[in-house]
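In what follows, a single structure is set out as structure tokens and then discussed.
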Amino acid sequence: MTRLLRQALAAAIALAVSGAALAAAGVDPLQALGALVGGAAGDRFALADTLLKTCPLLLTGLAVALAFRTGVWNIGAEGQLLVGALAATVAGAAAGGLPAPLPLGLALAAGAAAGAFWGGAAAGLRVARGVSEVISTIMLNFVAIRLVGWAVHGPLMEAAGRYPQSDLVPDAALLPLVAGRVHAGIVLAALAVAAAWLVLFRTALGFRWRAVGANPRAAAVAGFRPDRAIVGVMLASGGLAGLAGAIEVLGVTGRLFEQFSAGHGYTAIAVALLARLHPGGVALTALLFGALAAGSGSMQRIAGVSAVFVAIVQAVTILAVLALDAPRLAAGRRRAPRPPEAAA
Amino acid sequence: MTEAGFLLAAAALALAAPLLLAALGELVQERAGIVNIGIEGLMLIGAFAGMVGCHLSGSPLVGLATACLASVLAAAVFGAWVIWLDASQIVAGAALNILALGVTGVAYRTVFGVTGTALTVPTFTPLALGGDALWLAPLRQNVLVYVALALVPAVWLVLFRTRAGLRLRAVGEAPEAAASLGIAVARMRWIAVLAGAVLAGAGGAYLSLAYSNTFAEGMSAGRGFIALAIVVFGRWRPLGVLAGALVFGATTALQFQMQAHGVAVPYHLLLMLPYVLTLAVLALAPGGAAAPAALGRRRADETS
């Protein structure tokens, strides 16, 4: 079975299981599916919504894919996205008076830098102090959530002082629109896919990352420094997630508020895994999950299925991918050669 | 001690109990070599199932049993993936968390309506001890707090003073060696995962049946993740886990008190405290050698 077929199978299993869950809950799965598809691709607005929802998933999906490839469990794309959004809001407001491309450029750069810092912090703790990045990135997610909460209730609270949200970012810092409501961030995301692919498969840096991910001990013996790969990939990973947050502020919401991220950083894990941690695949799976997110709203309105339902689809997708990749199930097909010393 | 001190201790203990239950559950699993970051999801499922069970039966005790059972069922999915299929524990755990969020959210809105007028249920109420003597305030806790505290020596006894506990730890330290001695590695891990789920489910039930009297979407609110950190903080020992849970309970209680007394520290920065504290503690004492040697390792890793 080819790889692509396996991934399609995983997605199909996820949809079938989710449909069965809907039926068990007393909902007509076909009606729900119809509402979902209509909301994701029914007309121009639905398509635009799908693209808008795809953008953050694409960037955070890439972030997770790069880290996982290197064997670093970055569960912190959510927090990295949030600090990116926070930094972009601050920088956009501060640089609003500068000449044309500067406010936007600075805001995007600030977002990426903040995300990279957040990711780099976790990598630093791992390399210098041996702290598991699983725990540190999760903790940093919560720190980021509280940081955003503090900012929008405190120093960044709107001048009107009515709601816990920031003022709108000045127009000069906003992303231009490319088609309808779709902003130029989607172009940046597409460029990021190409860049991630190039780095991963066409540079020595990417080769080192993949080598460390495949087998850190062998990579170290070969003279690659796993520590440097871990720090490097977490800077890149955090930077991508931070950029996602910046783009959300500068292209979609125009401001920062509490509960800014709808769990993109966690969805990103499903996006990356279904793509088999491949940048090109991430583009496709992000589109799939973007469509799901866009369609879930109309599914809730028309079929009365809570939009949280999407989480079930995501989880089942992850489990389906894991199961299809499991050595036990794949053994007959792949027949992985055992090293001679282990067989002896 | 002043009045505030007694009340603080009481609140700290009440806040520490769900963390203690979940962290002990995680400890048992990690000692068998399994990191379950899905414990956050198990708590959420426990909170929801506990509320449903209590709502249907009118008894918090039945609610507790329902919570533990639901948590065990959910953990069985996790176990099947990491023990049978040898899947990545981190990824399977993350999937469990997402699944729990989706299942409890959809089920709550399906069963109790979209508007979600807060449904309240009977709860585990604090024991009435010594009238209203102030110094007894820290002891006036619901029965789950006492259960959680009693589980600390119980878990220690099982892990470190019984043959089964020795086997479980052997599986977490050196699964190949354990297997060569005839220990059924997979079975020990199943026992650990399911026993851990019982405790995590109880920790979740505490949230909906003792700490509050209702369920709210996402009400575990990261407590499972804190439990994960507490196990590292406690260096994989029951007494250390107790200390960790108490530190976190006290921090949270202190934060509530400062807020109530209008201390001029922004509320959201106080909320950040437990997480920053965790990071600081892990950075200063990262555990390292104290961790079970085979923690998180897959069978697939061993041939490479």
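To be explicit about the labels: the chains of the structure tokens are called A, B, and onward in the order shown, and within each one the residues are counted from 1, while ligands get numbers from 1 in the order they are shown.
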Give as a ChimeraX atom specification every residue of chain B that touches chain A within 9 Å, counting only C-alpha atoms. /B:37,81,84-88,90-92,94-103,105-107,109-110,114,222,225-226,228-229,266-276,278-279,282-288,300-301,303-304
Could you please write out, as a list of chain:residue names, every residue of stretch 72-273 of chain A that DSSP assigns to strand (DSSP E)?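 The residues of stretch 72-273 of chain A classed as strand (DSSP E) are A:Leu177, A:Val178, A:Ala179, A:Val182, A:His183.
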Using only C-alpha atoms, please write the residues we just selected to a file, as an mmCIF file, in the first residue's frame.
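The file below, out-v2.cif, is the result:
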data_model
loop_
_atom_site.group_PDB
_atom_site.id
_atom_site.type_symbol
_atom_site.label_atom_id
_atom_site.label_comp_id
_atom_site.auth_asym_id
_atom_site.auth_seq_id
_atom_site.Cartn_x
_atom_site.Cartn_y
_atom_site.Cartn_z
ATOM 1 C CA LEU A 177 -6.173 41.207 1.177
ATOM 2 C CA VAL A 178 -5.579 39.065 -1.882
ATOM 3 C CA ALA A 179 -9.106 37.849 -2.688
ATOM 4 C CA VAL A 182 -8.492 36.166 2.219
ATOM 5 C CA HIS A 183 -5.346 37.948 3.387
#
For the alpha helix (DSSP H) assignment from backbone DSSP, which residues of stretch 237-298 of chain B qualify? Please present them as a ChimeraX atom specification. /B:238-260,267-284
Pull C-alpha atoms from the residues just selected and write them as a CSV table (one decimal), in the first residue's frame.
chain,number,residue,atom,x,y,z
B,238,PRO,CA,4.8,9.0,46.5
B,239,LEU,CA,5.9,11.2,49.3
B,240,GLY,CA,7.5,13.6,46.8
B,241,VAL,CA,4.3,13.6,44.8
B,242,LEU,CA,2.4,14.5,48.0
B,243,ALA,CA,4.8,17.4,48.6
B,244,GLY,CA,4.4,18.6,45.1
B,245,ALA,CA,0.7,18.5,45.2
B,246,LEU,CA,0.7,20.4,48.5
B,247,VAL,CA,3.0,23.1,47.1
B,248,PHE,CA,0.7,23.6,44.1
B,249,GLY,CA,-2.4,23.6,46.3
B,250,ALA,CA,-0.8,26.1,48.6
B,251,THR,CA,0.3,28.3,45.7
B,252,THR,CA,-3.2,28.3,44.2
B,253,ALA,CA,-4.8,29.0,47.6
B,254,LEU,CA,-2.4,31.8,48.3
B,255,GLN,CA,-3.3,33.3,44.9
B,256,PHE,CA,-7.0,33.2,45.8
B,257,GLN,CA,-6.4,34.9,49.1
B,258,MET,CA,-4.2,37.6,47.7
B,259,GLN,CA,-6.9,38.2,45.2
B,260,ALA,CA,-9.6,38.3,47.9
B,267,TYR,CA,-4.8,38.4,38.8
B,268,HIS,CA,-3.6,36.9,35.6
B,269,LEU,CA,0.0,37.0,36.6
B,270,LEU,CA,-1.0,35.2,39.8
B,271,LEU,CA,-2.7,32.5,37.6
B,272,MET,CA,0.6,32.1,35.9
B,273,LEU,CA,2.4,31.3,39.1
B,274,PRO,CA,1.9,27.5,39.2
B,275,TYR,CA,3.2,27.0,35.7
B,276,VAL,CA,6.2,29.3,36.2
B,277,LEU,CA,6.9,27.6,39.5
B,278,THR,CA,6.9,24.2,37.7
B,279,LEU,CA,9.3,25.4,35.1
B,280,ALA,CA,11.6,26.9,37.8
B,281,VAL,CA,11.6,23.8,39.9
B,282,LEU,CA,12.2,21.5,36.9
B,283,ALA,CA,15.1,23.8,35.8
B,284,LEU,CA,16.7,23.7,39.2
Coordinates-based distance that separates atom CA of B:Gly38 from atom CA of B:Ser57 (Å, one decimal): 28.0 Å
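Using only C-alpha atoms for every distance, the candidate list A:Gly280, A:Pro164, A:Gly223, A:Gly251 yields A:Gly280 as the residue closest to A:Leu200.
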Got a sec: who's within 9 Å of stretch 282-295 of chain A, counting only C-alpha atoms, leaving out chain neighbours fewer than 2 positions off, as a VMD selection string? chain A and resid 33 35 to 41 46 to 47 49 to 59 61 to 62 65 189 to 190 193 267 to 268 270 to 280 297 to 300 307 310 313 to 314
For the residues in that selection, give me C-alpha atoms as a short mmCIF file (atom, residue, chain, number, x, y, z; two decimals), in the first residue's frame.
data_model
loop_
_atom_site.label_atom_id
_atom_site.label_comp_id
_atom_site.auth_asym_id
_atom_site.auth_seq_id
_atom_site.Cartn_x
_atom_site.Cartn_y
_atom_site.Cartn_z
CA LEU A 33 -21.87 16.03 6.49
CA ALA A 35 -23.89 21.06 6.34
CA LEU A 36 -20.17 20.58 6.93
CA VAL A 37 -19.31 20.52 3.23
CA GLY A 38 -21.64 23.45 2.55
CA GLY A 39 -19.96 25.48 5.25
CA ALA A 40 -16.51 24.62 3.98
CA ALA A 41 -16.94 24.85 0.22
CA ALA A 46 -17.29 29.36 2.56
CA LEU A 47 -14.15 28.77 0.51
CA ASP A 49 -13.43 30.84 5.36
CA THR A 50 -11.74 27.52 4.70
CA LEU A 51 -8.59 29.27 3.48
CA LEU A 52 -8.59 31.60 6.48
CA LYS A 53 -8.89 28.65 8.86
CA THR A 54 -6.20 26.76 6.93
CA CYS A 55 -3.56 29.45 7.35
CA PRO A 56 -2.77 29.09 11.09
CA LEU A 57 -3.06 25.29 10.87
CA LEU A 58 -0.60 25.22 8.00
CA LEU A 59 2.03 27.21 9.87
CA GLY A 61 1.41 22.12 11.38
CA LEU A 62 4.78 22.86 9.80
CA ALA A 65 6.28 18.55 11.71
CA ALA A 189 2.13 30.22 4.62
CA ALA A 190 2.63 28.74 1.14
CA VAL A 193 5.85 25.25 3.09
CA THR A 267 -4.89 20.62 16.04
CA ALA A 268 -1.46 21.11 14.49
CA ALA A 270 -3.13 16.01 13.93
CA VAL A 271 -2.25 18.08 10.85
CA ALA A 272 1.44 17.16 11.04
CA LEU A 273 0.91 13.48 11.77
CA LEU A 274 -1.64 12.94 9.03
CA ALA A 275 0.91 14.55 6.70
CA ARG A 276 3.52 12.06 7.91
CA LEU A 277 5.57 15.06 9.04
CA HIS A 278 6.14 16.08 5.43
CA PRO A 279 5.88 19.82 4.58
CA GLY A 280 4.04 19.21 1.33
CA GLY A 297 -19.89 26.26 12.32
CA SER A 298 -22.63 25.59 9.80
CA MET A 299 -22.84 22.01 11.03
CA GLN A 300 -23.67 23.39 14.46
CA ALA A 307 -18.60 22.50 16.85
CA VAL A 310 -14.25 18.58 15.20
CA VAL A 313 -12.50 13.91 14.23
CA GLN A 314 -9.00 15.20 14.95
#
What separation in Å, quoted to one decimal, exists between atom CA of A:Ala173 and atom CA of A:Val187?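 That distance, rounded to one decimal, is 16.5 Å.
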What lies within 10 Å of B:Gly79 using only C-alpha atoms, ignoring chain neighbours under 6 positions off, as a list of chain:residue names?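 Within the cut-off, the hits are B:Ile34, B:Asn36, B:Val72, B:Leu73, B:Leu85, B:Asp86, B:Ala87, B:Gln89, B:Ala92, B:Gly93, B:Ala186, B:Arg189, B:Trp190, B:Ile191, B:Ala192, B:Val193, B:Leu194.
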